[in-house]
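One structure is given here, and the rest of the page talks about it.
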Amino acid sequence: MGCATGTIKYSLFLFNALWAILGILVLIFGGLGWGAMPDQFAIGILVLGGIILLISLFGCCGAVRESPRMLWTYVSLLVVLLVLIATFIVYNPRDVFKNYALKTVEDSWQLEQTKPGSMDYIQKTYSCCGRNSAQDYLEISYWNASVPNSCCKDNNCVNPLNLYAIGCITKVEEAFADEATVSRSLEWVLLGFDVVILSLAIILAIHYTNRRRRYNY
């Protein structure tokens with residue numbers, strides 16, 4: 001059992017190292033997505049990455065110190081994380097965030113009619129112009145058949161080639177479609193890693209618990 005236990009112990013340590021790397025990648029993904037997705041969604045991804053990183057460090061310490069209590073706490077955290085990831089996959093809250101982002105575009109465009117500049121942040125974030133296209137600004141007398149600088153690359157509309165011709169509704173839908181492909185793959189990878197590490201952690205926790213009981217008797 002000693003050799004098997006050592007193998008499981010170092011396997012758990014290795015998987016937690018990979019788990020930590022995965023957590024860092026999730027943090028990077030959330031950071032790169034900041035501004036290209038609703039702030040709440042980006043914050044959620046960053047929080048998830050931070051939790052994964054902290055749990056991995058906890059698991060490494062439990063394995064190295066051979067502490068049953070720490071390992072069982074680690075198992076509990078993994079179970080909670082497993083439930084959260086599974087819930088995220090099943091209920092797919094992306095549609096909620098996508099609808100929220102689209103509603104923000106609609107509301108900002110309505111506000112643009114009376115408060116010019118209301119679309120600036122969205123247009124800079126998604127590299128878009130107007131609700132459906134740059135032509136939408138022809139309907140607003142304030143802009144006098146022109147567009148705001150936020151509709152152009154580097155806020156420079158002197159060069160017509162800098163103009164973002166695609167509307168913000170389309171760009172938001174495209175952004176969420178691209179994010180969904182990457183995010184879905186990442187979720188299944190996280191779920192698979194969680195199941196493998198959870199199995200190793202349970203086996204190791206049971207072994208160390210039984211060994212401590214034998215020593216106590």
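Ligands are numbered from 1 in the order shown, residues from 1 within each chain, and chains are lettered A, B, ... in the order they appear in the structure tokens.
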Excluding same-chain residues fewer than 3 positions from stretch 114-122 of chain A, what lies within 8 Å of it counting only C-alpha atoms, as an mmCIF file with N, CA, C and O atoms, in the first residue's frame?
```
data_model
loop_
_atom_site.group_PDB
_atom_site.id
_atom_site.type_symbol
_atom_site.label_atom_id
_atom_site.label_comp_id
_atom_site.auth_asym_id
_atom_site.auth_seq_id
_atom_site.Cartn_x
_atom_site.Cartn_y
_atom_site.Cartn_z
ATOM 1 N N VAL A 105 -27.448 47.715 -24.796
ATOM 2 C CA VAL A 105 -27.293 48.386 -26.089
ATOM 3 C C VAL A 105 -28.582 49.128 -26.455
ATOM 4 O O VAL A 105 -28.540 50.302 -26.865
ATOM 5 N N SER A 108 -29.052 52.137 -24.144
ATOM 6 C CA SER A 108 -28.078 53.192 -24.435
ATOM 7 C C SER A 108 -28.403 53.901 -25.746
ATOM 8 O O SER A 108 -28.214 55.119 -25.871
ATOM 9 N N TRP A 109 -28.903 53.113 -26.715
ATOM 10 C CA TRP A 109 -29.264 53.738 -27.999
ATOM 11 C C TRP A 109 -30.460 54.664 -27.842
ATOM 12 O O TRP A 109 -30.497 55.754 -28.436
ATOM 13 N N GLN A 110 -31.427 54.265 -27.034
ATOM 14 C CA GLN A 110 -32.560 55.145 -26.771
ATOM 15 C C GLN A 110 -32.108 56.423 -26.078
ATOM 16 O O GLN A 110 -32.580 57.524 -26.389
ATOM 17 N N LEU A 111 -31.165 56.284 -25.155
ATOM 18 C CA LEU A 111 -30.657 57.445 -24.430
ATOM 19 C C LEU A 111 -29.817 58.341 -25.342
ATOM 20 O O LEU A 111 -29.769 59.570 -25.161
ATOM 21 N N THR A 125 -15.954 49.442 -26.701
ATOM 22 C CA THR A 125 -15.750 48.088 -26.197
ATOM 23 C C THR A 125 -15.898 47.037 -27.284
ATOM 24 O O THR A 125 -15.073 46.131 -27.415
ATOM 25 N N TYR A 126 -16.952 47.166 -28.090
ATOM 26 C CA TYR A 126 -17.262 46.146 -29.091
ATOM 27 C C TYR A 126 -16.829 46.532 -30.514
ATOM 28 O O TYR A 126 -17.093 45.772 -31.452
ATOM 29 N N SER A 127 -16.185 47.685 -30.653
ATOM 30 C CA SER A 127 -15.748 48.158 -31.983
ATOM 31 C C SER A 127 -16.926 48.151 -32.962
ATOM 32 O O SER A 127 -16.901 47.504 -34.011
ATOM 33 N N CYS A 128 -17.973 48.857 -32.591
ATOM 34 C CA CYS A 128 -19.199 48.901 -33.393
ATOM 35 C C CYS A 128 -19.676 50.337 -33.507
ATOM 36 O O CYS A 128 -19.095 51.251 -32.914
ATOM 37 N N GLY A 130 -23.524 52.553 -33.728
ATOM 38 C CA GLY A 130 -24.972 52.601 -33.809
ATOM 39 C C GLY A 130 -25.638 51.329 -33.306
ATOM 40 O O GLY A 130 -24.971 50.380 -32.872
ATOM 41 N N TYR A 142 -28.444 65.839 -34.024
ATOM 42 C CA TYR A 142 -27.308 66.380 -33.283
ATOM 43 C C TYR A 142 -25.992 66.108 -34.013
ATOM 44 O O TYR A 142 -25.094 66.948 -34.029
ATOM 45 N N PRO A 148 -20.055 59.814 -33.948
ATOM 46 C CA PRO A 148 -19.127 60.168 -32.865
ATOM 47 C C PRO A 148 -17.771 59.492 -33.069
ATOM 48 O O PRO A 148 -17.660 58.487 -33.781
ATOM 49 N N SER A 150 -16.189 57.666 -31.143
ATOM 50 C CA SER A 150 -16.172 56.303 -30.608
ATOM 51 C C SER A 150 -16.565 55.264 -31.652
ATOM 52 O O SER A 150 -16.396 54.057 -31.441
ATOM 53 N N CYS A 151 -17.077 55.730 -32.793
ATOM 54 C CA CYS A 151 -17.444 54.830 -33.888
ATOM 55 C C CYS A 151 -16.248 54.495 -34.778
ATOM 56 O O CYS A 151 -16.399 53.771 -35.763
ATOM 57 N N CYS A 168 -23.905 47.626 -33.065
ATOM 58 C CA CYS A 168 -23.532 47.033 -31.777
ATOM 59 C C CYS A 168 -24.349 45.791 -31.425
ATOM 60 O O CYS A 168 -23.855 44.906 -30.729
#
```
* To do: With a distance cut-off of 12 Å and only C-alpha atoms, select the neighbouring residues of A:Val80, excluding the residue or stretch itself and same-chain residues fewer than 5 positions from it, and output the selection as a list in words.
  =>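 The residues that qualify are Leu48, Ile51, Ile52, Ile55, Thr73, Tyr74, Val75, Ile85, Ala86, Thr87, Leu191, Asp194, Val195 and Leu198 of chain A.
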* To do: For A:Cys152, please output as a ChimeraX atom specification all residues within 10 Å (counting only C-alpha atoms; exclusion window: fewer than 4 positions along the same chain).
  => /A:123-124,127-129,147-148,156-165
* To do: Would you mind reading off the distance between atom CA of A:Gly59 and atom CA of A:Val90, one decimal, in Å?
  =>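 Straight-line distance from atom CA of A:Gly59 to atom CA of A:Val90 works out to 26.7 Å.
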* Which of stretch 82-156 of chain A counts as alpha helix (DSSP H) under DSSP, as an MDAnalysis selection string please? -> chainID A and resid 82:91 94:112 120:126
